[in-house]
Each structure stands twice: as C-alpha cells, then as structure tokens.
>>> print(open('my_file-v1.cif').read())   # mmCIF, C-alpha atoms
data_final
#
loop_
_atom_site.label_atom_id
_atom_site.label_comp_id
_atom_site.auth_asym_id
_atom_site.auth_seq_id
_atom_site.Cartn_x
_atom_site.Cartn_y
_atom_site.Cartn_z
CA MET U 1 -57.22 52.39 102.93
CA SER U 2 -54.46 49.85 103.21
CA ARG U 3 -50.83 50.54 103.53
CA ASP U 4 -48.46 49.58 100.72
CA VAL U 5 -45.77 48.09 102.93
CA GLN U 6 -43.80 46.56 100.06
CA LYS U 7 -43.49 50.00 98.46
CA GLU U 8 -42.45 51.55 101.77
CA ILE U 9 -39.68 48.97 102.11
CA GLN U 10 -38.62 49.45 98.51
CA ASP U 11 -38.37 53.21 99.13
CA LEU U 12 -36.34 52.67 102.28
CA VAL U 13 -33.76 50.46 100.57
CA SER U 14 -33.66 52.67 97.46
CA ASN U 15 -33.23 55.93 99.34
CA ASN U 16 -30.59 54.76 101.81
CA ARG U 17 -27.29 53.21 100.79
CA VAL U 18 -27.08 50.90 103.83
CA VAL U 19 -30.23 49.78 105.64
CA LEU U 20 -30.45 47.37 108.56
CA PHE U 21 -33.83 45.99 109.56
CA MET U 22 -33.37 44.96 113.17
CA LYS U 23 -35.02 44.29 116.52
CA GLY U 24 -34.48 47.39 118.62
CA THR U 25 -32.16 50.23 117.71
CA PRO U 26 -28.38 50.36 117.16
CA GLN U 27 -28.10 51.95 120.63
CA PHE U 28 -30.47 49.45 122.26
CA PRO U 29 -30.63 46.24 120.23
CA GLN U 30 -33.23 43.81 121.57
CA CYS U 31 -31.91 40.58 120.13
CA GLY U 32 -28.42 39.09 120.09
CA PHE U 33 -28.40 38.70 116.32
CA SER U 34 -29.42 42.33 115.77
CA SER U 35 -26.79 43.44 118.23
CA ALA U 36 -24.13 41.42 116.39
CA ALA U 37 -25.25 42.86 113.04
CA THR U 38 -24.90 46.42 114.39
CA GLN U 39 -21.42 45.67 115.72
CA MET U 40 -20.33 44.14 112.43
CA LEU U 41 -21.44 47.20 110.48
CA LYS U 42 -19.54 49.47 112.86
CA SER U 43 -16.44 47.27 112.67
CA ALA U 44 -16.65 47.43 108.90
CA GLY U 45 -16.36 51.20 109.18
CA CYS U 46 -20.03 51.94 108.69
CA ASN U 47 -21.01 54.42 111.38
CA GLU U 48 -23.97 55.91 109.61
CA PHE U 49 -26.62 53.58 108.34
CA ALA U 50 -30.36 53.64 108.25
CA SER U 51 -31.90 51.29 110.77
CA VAL U 52 -35.50 50.18 111.02
CA ASN U 53 -36.80 48.81 114.31
CA VAL U 54 -39.23 46.09 113.26
CA LEU U 55 -40.50 45.70 116.82
CA ALA U 56 -42.04 49.16 116.49
CA ASP U 57 -43.94 48.29 113.31
CA ASN U 58 -45.46 44.86 112.85
CA ASP U 59 -46.48 45.52 109.22
CA ILE U 60 -42.87 46.25 108.33
CA ARG U 61 -41.72 43.26 110.39
CA GLU U 62 -43.86 40.85 108.37
CA GLY U 63 -43.49 42.83 105.15
CA VAL U 64 -39.71 42.71 105.09
CA LYS U 65 -39.78 38.93 105.50
CA ALA U 66 -41.85 38.67 102.33
CA PHE U 67 -39.80 41.35 100.57
CA ALA U 68 -36.59 39.31 100.57
CA ASN U 69 -38.20 35.89 100.95
CA TRP U 70 -36.19 35.68 104.17
CA PRO U 71 -37.99 34.72 107.40
CA THR U 72 -35.67 36.21 110.02
CA ILE U 73 -34.45 39.55 111.32
CA PRO U 74 -31.88 41.20 111.05
CA GLN U 75 -31.70 41.85 107.33
CA LEU U 76 -29.06 44.00 105.67
CA TYR U 77 -29.51 45.86 102.38
CA VAL U 78 -26.71 47.69 100.55
CA ASP U 79 -27.33 49.71 97.38
CA GLY U 80 -30.90 48.45 97.22
CA GLU U 81 -29.85 44.78 97.25
CA PHE U 82 -30.57 42.24 99.97
CA VAL U 83 -27.19 41.14 101.35
CA GLY U 84 -28.25 38.62 104.00
CA GLY U 85 -28.90 37.99 107.65
CA ALA U 86 -26.51 37.81 110.58
CA ASP U 87 -24.73 34.61 109.46
CA ILE U 88 -23.98 35.90 105.99
CA MET U 89 -22.89 39.25 107.40
CA ARG U 90 -20.44 37.41 109.66
CA GLU U 91 -18.94 35.47 106.77
CA LEU U 92 -18.67 38.63 104.67
CA ALA U 93 -17.11 40.52 107.58
CA GLN U 94 -14.53 37.79 108.11
CA SER U 95 -13.57 37.71 104.44
CA GLY U 96 -13.41 41.51 104.23
CA GLU U 97 -16.18 41.69 101.64
CA LEU U 98 -18.49 43.60 103.97
CA GLN U 99 -15.96 46.44 104.31
CA THR U 100 -15.46 46.49 100.53
CA MET U 101 -19.18 46.55 99.89
CA ILE U 102 -19.76 49.41 102.30
CA SER U 103 -16.77 51.56 101.41
CA LYS U 104 -17.16 51.29 97.66
CA PRO U 105 -17.92 54.66 96.11
CA ASN U 106 -21.20 55.06 94.28
CA MET X 1 -40.76 22.31 122.61
CA VAL X 2 -38.86 21.95 119.39
CA THR X 3 -35.65 19.96 119.70
CA PRO X 4 -32.58 20.12 117.46
CA GLU X 5 -33.43 16.59 116.30
CA MET X 6 -36.84 17.79 115.13
CA VAL X 7 -35.33 20.70 113.20
CA LYS X 8 -32.92 18.28 111.60
CA GLY X 9 -35.85 16.05 110.63
CA TYR X 10 -37.78 18.97 109.09
CA ILE X 11 -34.78 19.94 106.97
CA VAL X 12 -33.81 16.48 105.71
CA ALA X 13 -37.44 15.80 104.80
CA GLY X 14 -37.21 18.48 102.11
CA LEU X 15 -33.54 18.74 101.29
CA PRO X 16 -31.11 15.91 100.54
CA CYS X 17 -28.15 16.56 102.85
CA GLU X 18 -24.77 14.86 102.84
CA LEU X 19 -24.20 16.08 106.35
CA ILE X 20 -26.34 17.96 108.81
CA GLU X 21 -25.75 18.93 112.41
CA VAL X 22 -28.21 20.95 114.45
CA GLU X 23 -27.76 22.29 117.96
CA GLY X 24 -30.08 24.53 119.91
CA ASP X 25 -31.96 25.47 123.05
CA GLY X 26 -35.52 25.10 121.79
CA GLN X 27 -35.73 28.63 120.33
CA HIS X 28 -32.39 29.43 118.77
CA PHE X 29 -30.84 26.79 116.55
CA TYR X 30 -27.46 26.44 114.89
CA ALA X 31 -27.14 24.24 111.83
CA THR X 32 -24.27 23.10 109.68
CA ILE X 33 -25.59 21.76 106.39
CA VAL X 34 -23.74 20.16 103.48
CA SER X 35 -25.85 19.52 100.39
CA GLY X 36 -25.28 19.01 96.70
CA GLU X 37 -28.42 21.10 96.16
CA PHE X 38 -26.39 24.17 97.11
CA ARG X 39 -24.17 23.91 94.02
CA GLY X 40 -24.22 27.07 91.92
CA LEU X 41 -26.08 29.10 94.55
CA ASN X 42 -24.73 32.05 96.53
CA MET X 43 -25.04 32.09 100.33
CA VAL X 44 -28.36 33.95 100.26
CA LYS X 45 -29.91 31.46 97.85
CA GLN X 46 -28.52 28.48 99.80
CA GLN X 47 -30.11 29.72 103.01
CA GLN X 48 -33.34 30.63 101.21
CA LYS X 49 -33.51 27.00 100.10
CA VAL X 50 -33.38 25.84 103.72
CA PHE X 51 -35.93 28.46 104.80
CA ALA X 52 -38.21 27.36 101.97
CA VAL X 53 -38.14 23.79 103.29
CA LEU X 54 -38.98 24.98 106.80
CA GLY X 55 -41.76 27.25 105.52
CA ASP X 56 -44.24 28.33 108.19
CA ARG X 57 -42.28 26.62 110.93
CA MET X 58 -39.97 29.64 110.84
CA LYS X 59 -42.93 31.81 111.81
CA ALA X 60 -44.17 29.71 114.67
CA GLU X 61 -41.92 27.04 116.09
CA ILE X 62 -38.45 28.34 115.37
CA HIS X 63 -37.43 31.76 116.60
CA ALA X 64 -34.03 31.83 114.98
CA LEU X 65 -31.92 29.54 112.87
CA SER X 66 -28.28 30.30 112.38
CA MET X 67 -26.79 28.39 109.46
CA LYS X 68 -23.55 27.50 107.80
CA THR X 69 -24.18 26.06 104.38
CA TYR X 70 -21.65 24.24 102.20
CA THR X 71 -21.55 22.38 98.93
CA PRO X 72 -19.79 19.00 99.28
CA GLU X 73 -16.80 20.46 97.43
CA ARG X 74 -16.50 23.50 99.65
CA TRP X 75 -16.97 21.35 102.75
CA ALA X 76 -14.08 19.09 101.62
CA GLU X 77 -11.87 22.15 101.08
CA THR X 78 -12.77 23.65 104.44
CA ASN X 79 -12.02 20.43 106.27
CA SER X 80 -8.92 19.30 104.44
#
>>> encode(input="my_file-v1.cif", output="structure tokens")
Amino acid sequence: MSRDVQKEIQDLVSNNRVVLFMKGTPQFPQCGFSSAATQMLKSAGCNEFASVNVLADNDIREGVKAFANWPTIPQLYVDGEFVGGADIMRELAQSGELQTMISKPN
Amino acid sequence: MVTPEMVKGYIVAGLPCELIEVEGDGQHFYATIVSGEFRGLNMVKQQQKVFAVLGDRMKAEIHALSMKTYTPERWAETNS
C-alpha cells in the first residue's frame, strides 16, 4: 500500500494557517536558509506555526518539492497557499507584507 | 564541482537574460537575474521559471540557489 504524500501535504497546509517545511526544527534548524526562515516568521510576530522537518521524512521532502513545483527547502504556506522560499520571505519581510499576511484575521 | 559560471551558463541557455550575475561556493549559489520573461509574473512564478530551466540540476548538482529576480523595468527603478 503506497502512501498518498500529496494528500498528506494538502491536509497539512489546509489544516494549519501557517506551515513551514524546513530542514530541522525551529529550535534546531539544520540549514542556514531554514534558520533564516524561522527567524523571519518570529520577527513577523508569528510565534506559533506548524513546522515540518523534511529531514525526518524523505517522502515528504521530495513530495513537497513536487507539490509547489519548487525544488528547494524551506517552503512557507499561509492559508493553504504557497508563499515562497527563503528569498521571497525576505523580500516580503522587508516590505512588511509578511507581517500583514500572518496577522490578517481569517 | 559546479562553478558560478556553469550555473550562469545553465540559466542563460534556457532563459534570455538582460543581466545575470551568479556567485557561489560550489553548493550554495546567489544569482541576480534581469529578464523580460519575468514581465507579468509574481516573484514565485519568476523563480519557478528559473527552477524550470535548471530542472534536475537542482536535485543533483546545486544544493541551494538564492535568487533576486527583476523585470528590466523594475531593475531600472531599483538602480536609478
């Protein structure tokens, strides 16, 4: 029986307002880009977000790349939508859009 | 080992660029890319275009590519 990874990812991003797919955990990031992404979310006032450690699950690691047609980690999703990787997060953080996106009421 | 020049070559082979600069250490690369092909696309779609050109190289040869993408118009504004 094979795993439906695409559905698992869809459920994760549907059931959590803010989801970060990253290498390592927010406490112990294992890549500079994932570490930066965590810091940017915290600076934007987002202290509670769902994080998925792709190093712990290779199916998710490869699956999430296909899911967004985006070959690198980290990947941020807000309200079920793919927002971008670390570079885009940085631009959005600098312009204030990341804060707006995260603080906006549902 | 992959050099920044090689990454630059891979990108320009599939995407007409008005300006492209790539730096890197063999694993992590940093690119600034100005292309008319980016017109009308948001940042995600602009970067997806570059990733599409690189294809499987992103899985094997290149560990990480950090990008700044600009349309020629936005590049002119940013540097005026």
>>> closest_atom_pairs(input="my_file-v1.cif", of="segment 56-89 of chain U", to="segment 13-34 of chain U", cutoff="7 Å", atoms="all atoms listed in the file", output="tab-separated table")
residue	atom	partner	partner_atom	distance
U:Ile73	CA	U:Met22	CA	5.8
U:Pro74	CA	U:Met22	CA	4.6
U:Gln75	CA	U:Phe21	CA	5.2
U:Leu76	CA	U:Leu20	CA	4.7
U:Tyr77	CA	U:Val19	CA	5.1
U:Val78	CA	U:Val18	CA	4.6
U:Asp79	CA	U:Arg17	CA	4.9
U:Gly80	CA	U:Val13	CA	4.8
U:Ala86	CA	U:Phe33	CA	6.1
>>> closest_atom_pairs(input="my_file-v1.cif", of="chain X", to="chain U", cutoff="12 Å", atoms="all atoms listed in the file", output="JSON lines")
{"residue": "X:His28", "atom": "CA", "partner": "U:Phe33", "partner_atom": "CA", "distance": 10.4}
{"residue": "X:Tyr30", "atom": "CA", "partner": "U:Asp87", "partner_atom": "CA", "distance": 10.2}
{"residue": "X:Ala31", "atom": "CA", "partner": "U:Asp87", "partner_atom": "CA", "distance": 10.9}
{"residue": "X:Thr32", "atom": "CA", "partner": "U:Asp87", "partner_atom": "CA", "distance": 11.5}
{"residue": "X:Asn42", "atom": "CA", "partner": "U:Ile88", "partner_atom": "CA", "distance": 10.2}
{"residue": "X:Met43", "atom": "CA", "partner": "U:Ile88", "partner_atom": "CA", "distance": 6.9}
{"residue": "X:Val44", "atom": "CA", "partner": "U:Gly84", "partner_atom": "CA", "distance": 6.0}
{"residue": "X:Lys45", "atom": "CA", "partner": "U:Gly84", "partner_atom": "CA", "distance": 9.6}
{"residue": "X:Gln46", "atom": "CA", "partner": "U:Ile88", "partner_atom": "CA", "distance": 10.7}
{"residue": "X:Gln47", "atom": "CA", "partner": "U:Trp70", "partner_atom": "CA", "distance": 8.6}
{"residue": "X:Gln48", "atom": "CA", "partner": "U:Trp70", "partner_atom": "CA", "distance": 6.5}
{"residue": "X:Lys49", "atom": "CA", "partner": "U:Trp70", "partner_atom": "CA", "distance": 10.0}
{"residue": "X:Val50", "atom": "CA", "partner": "U:Trp70", "partner_atom": "CA", "distance": 10.2}
{"residue": "X:Phe51", "atom": "CA", "partner": "U:Pro71", "partner_atom": "CA", "distance": 7.1}
{"residue": "X:Ala52", "atom": "CA", "partner": "U:Asn69", "partner_atom": "CA", "distance": 8.6}
{"residue": "X:Val53", "atom": "CA", "partner": "U:Pro71", "partner_atom": "CA", "distance": 11.7}
{"residue": "X:Leu54", "atom": "CA", "partner": "U:Pro71", "partner_atom": "CA", "distance": 9.8}
{"residue": "X:Gly55", "atom": "CA", "partner": "U:Pro71", "partner_atom": "CA", "distance": 8.6}
{"residue": "X:Asp56", "atom": "CA", "partner": "U:Pro71", "partner_atom": "CA", "distance": 9.0}
{"residue": "X:Arg57", "atom": "CA", "partner": "U:Pro71", "partner_atom": "CA", "distance": 9.8}
{"residue": "X:Met58", "atom": "CA", "partner": "U:Pro71", "partner_atom": "CA", "distance": 6.4}
{"residue": "X:Lys59", "atom": "CA", "partner": "U:Pro71", "partner_atom": "CA", "distance": 7.2}
{"residue": "X:Ala60", "atom": "CA", "partner": "U:Pro71", "partner_atom": "CA", "distance": 10.8}
{"residue": "X:Ile62", "atom": "CA", "partner": "U:Thr72", "partner_atom": "CA", "distance": 9.9}
{"residue": "X:His63", "atom": "CA", "partner": "U:Thr72", "partner_atom": "CA", "distance": 8.1}
{"residue": "X:Ala64", "atom": "CA", "partner": "U:Thr72", "partner_atom": "CA", "distance": 6.8}
{"residue": "X:Leu65", "atom": "CA", "partner": "U:Thr72", "partner_atom": "CA", "distance": 8.2}
{"residue": "X:Ser66", "atom": "CA", "partner": "U:Asp87", "partner_atom": "CA", "distance": 6.3}
{"residue": "X:Met67", "atom": "CA", "partner": "U:Asp87", "partner_atom": "CA", "distance": 6.6}
{"residue": "X:Lys68", "atom": "CA", "partner": "U:Asp87", "partner_atom": "CA", "distance": 7.4}
{"residue": "X:Thr69", "atom": "CA", "partner": "U:Asp87", "partner_atom": "CA", "distance": 10.0}
>>> axis_aligned_box(input="my_file-v1.cif", around="segment 86-92 of chain U", padding_each_side="3 Å", output="AutoDock Vina command-line options")
--center_x -22.6 --center_y 36.9 --center_z 107.6 --size_x 13.8 --size_y 10.6 --size_z 11.9
>>> closest_residue(input="my_file-v1.cif", among="U:Ala36, U:Cys46, U:Leu92, U:Ile60", to="Gln10 of chain U", atoms="all atoms listed in the file")
U:Ile60
>>> resolve_selection(input="my_file-v1.cif", expression="the PyMOL selection byres ((chain X and resi 1) around 12)", output="list in words")
Val2, Thr3, Pro4, Glu5, Met6, Val7, Gly24, Asp25, Gly26, Gln27, His28, Ala60, Glu61, Ile62 and His63 of chain X
>>> atom_distance(input="my_file-v1.cif", atom1="atom CA of Leu19 of chain X", atom2="atom CA of Ile33 of chain X")
5.8 Å
>>> atom_distance(input="my_file-v1.cif", atom1="atom CA of Glu81 of chain U", atom2="atom CA of Gly96 of chain U")
18.2 Å
>>> closest_residue(input="my_file-v1.cif", among="X:Glu23, X:Lys8, X:Glu18, X:Ser80", to="Phe38 of chain X", atoms="only C-alpha atoms")
X:Glu18
>>> atom_distance(input="my_file-v1.cif", atom1="atom CA of Gly36 of chain X", atom2="atom CA of Ile20 of chain X")
12.2 Å
>>> residues_around(input="my_file-v1.cif", residues="Asp4 of chain U", least_positions_apart="5", cutoff="12 Å", atoms="only C-alpha atoms", output="PDB file with C-alpha atoms, keeping the file's coordinate frame")
ATOM      1  CA  ILE U   9     -39.680  48.970 102.110  1.00  0.00           C
ATOM      2  CA  GLN U  10     -38.620  49.450  98.510  1.00  0.00           C
ATOM      3  CA  ASP U  11     -38.370  53.210  99.130  1.00  0.00           C
ATOM      4  CA  ASP U  59     -46.480  45.520 109.220  1.00  0.00           C
ATOM      5  CA  ILE U  60     -42.870  46.250 108.330  1.00  0.00           C
ATOM      6  CA  GLY U  63     -43.490  42.830 105.150  1.00  0.00           C
ATOM      7  CA  VAL U  64     -39.710  42.710 105.090  1.00  0.00           C
ATOM      8  CA  PHE U  67     -39.800  41.350 100.570  1.00  0.00           C
TER       9      PHE U  67
END
>>> resolve_selection(input="my_file-v1.cif", expression="the PyMOL selection byres ((chain U and resi 42) around 12)", output="PDB file with C-alpha atoms, in the frame of the given file")
ATOM      1  CA  VAL U  18     -27.080  50.900 103.830  1.00  0.00           C
ATOM      2  CA  LEU U  20     -30.450  47.370 108.560  1.00  0.00           C
ATOM      3  CA  PRO U  26     -28.380  50.360 117.160  1.00  0.00           C
ATOM      4  CA  GLN U  27     -28.100  51.950 120.630  1.00  0.00           C
ATOM      5  CA  SER U  35     -26.790  43.440 118.230  1.00  0.00           C
ATOM      6  CA  ALA U  36     -24.130  41.420 116.390  1.00  0.00           C
ATOM      7  CA  ALA U  37     -25.250  42.860 113.040  1.00  0.00           C
ATOM      8  CA  THR U  38     -24.900  46.420 114.390  1.00  0.00           C
ATOM      9  CA  GLN U  39     -21.420  45.670 115.720  1.00  0.00           C
ATOM     10  CA  MET U  40     -20.330  44.140 112.430  1.00  0.00           C
ATOM     11  CA  LEU U  41     -21.440  47.200 110.480  1.00  0.00           C
ATOM     12  CA  SER U  43     -16.440  47.270 112.670  1.00  0.00           C
ATOM     13  CA  ALA U  44     -16.650  47.430 108.900  1.00  0.00           C
ATOM     14  CA  GLY U  45     -16.360  51.200 109.180  1.00  0.00           C
ATOM     15  CA  CYS U  46     -20.030  51.940 108.690  1.00  0.00           C
ATOM     16  CA  ASN U  47     -21.010  54.420 111.380  1.00  0.00           C
ATOM     17  CA  GLU U  48     -23.970  55.910 109.610  1.00  0.00           C
ATOM     18  CA  PHE U  49     -26.620  53.580 108.340  1.00  0.00           C
ATOM     19  CA  ALA U  93     -17.110  40.520 107.580  1.00  0.00           C
ATOM     20  CA  LEU U  98     -18.490  43.600 103.970  1.00  0.00           C
ATOM     21  CA  GLN U  99     -15.960  46.440 104.310  1.00  0.00           C
ATOM     22  CA  ILE U 102     -19.760  49.410 102.300  1.00  0.00           C
ATOM     23  CA  SER U 103     -16.770  51.560 101.410  1.00  0.00           C
TER      24      SER U 103
END
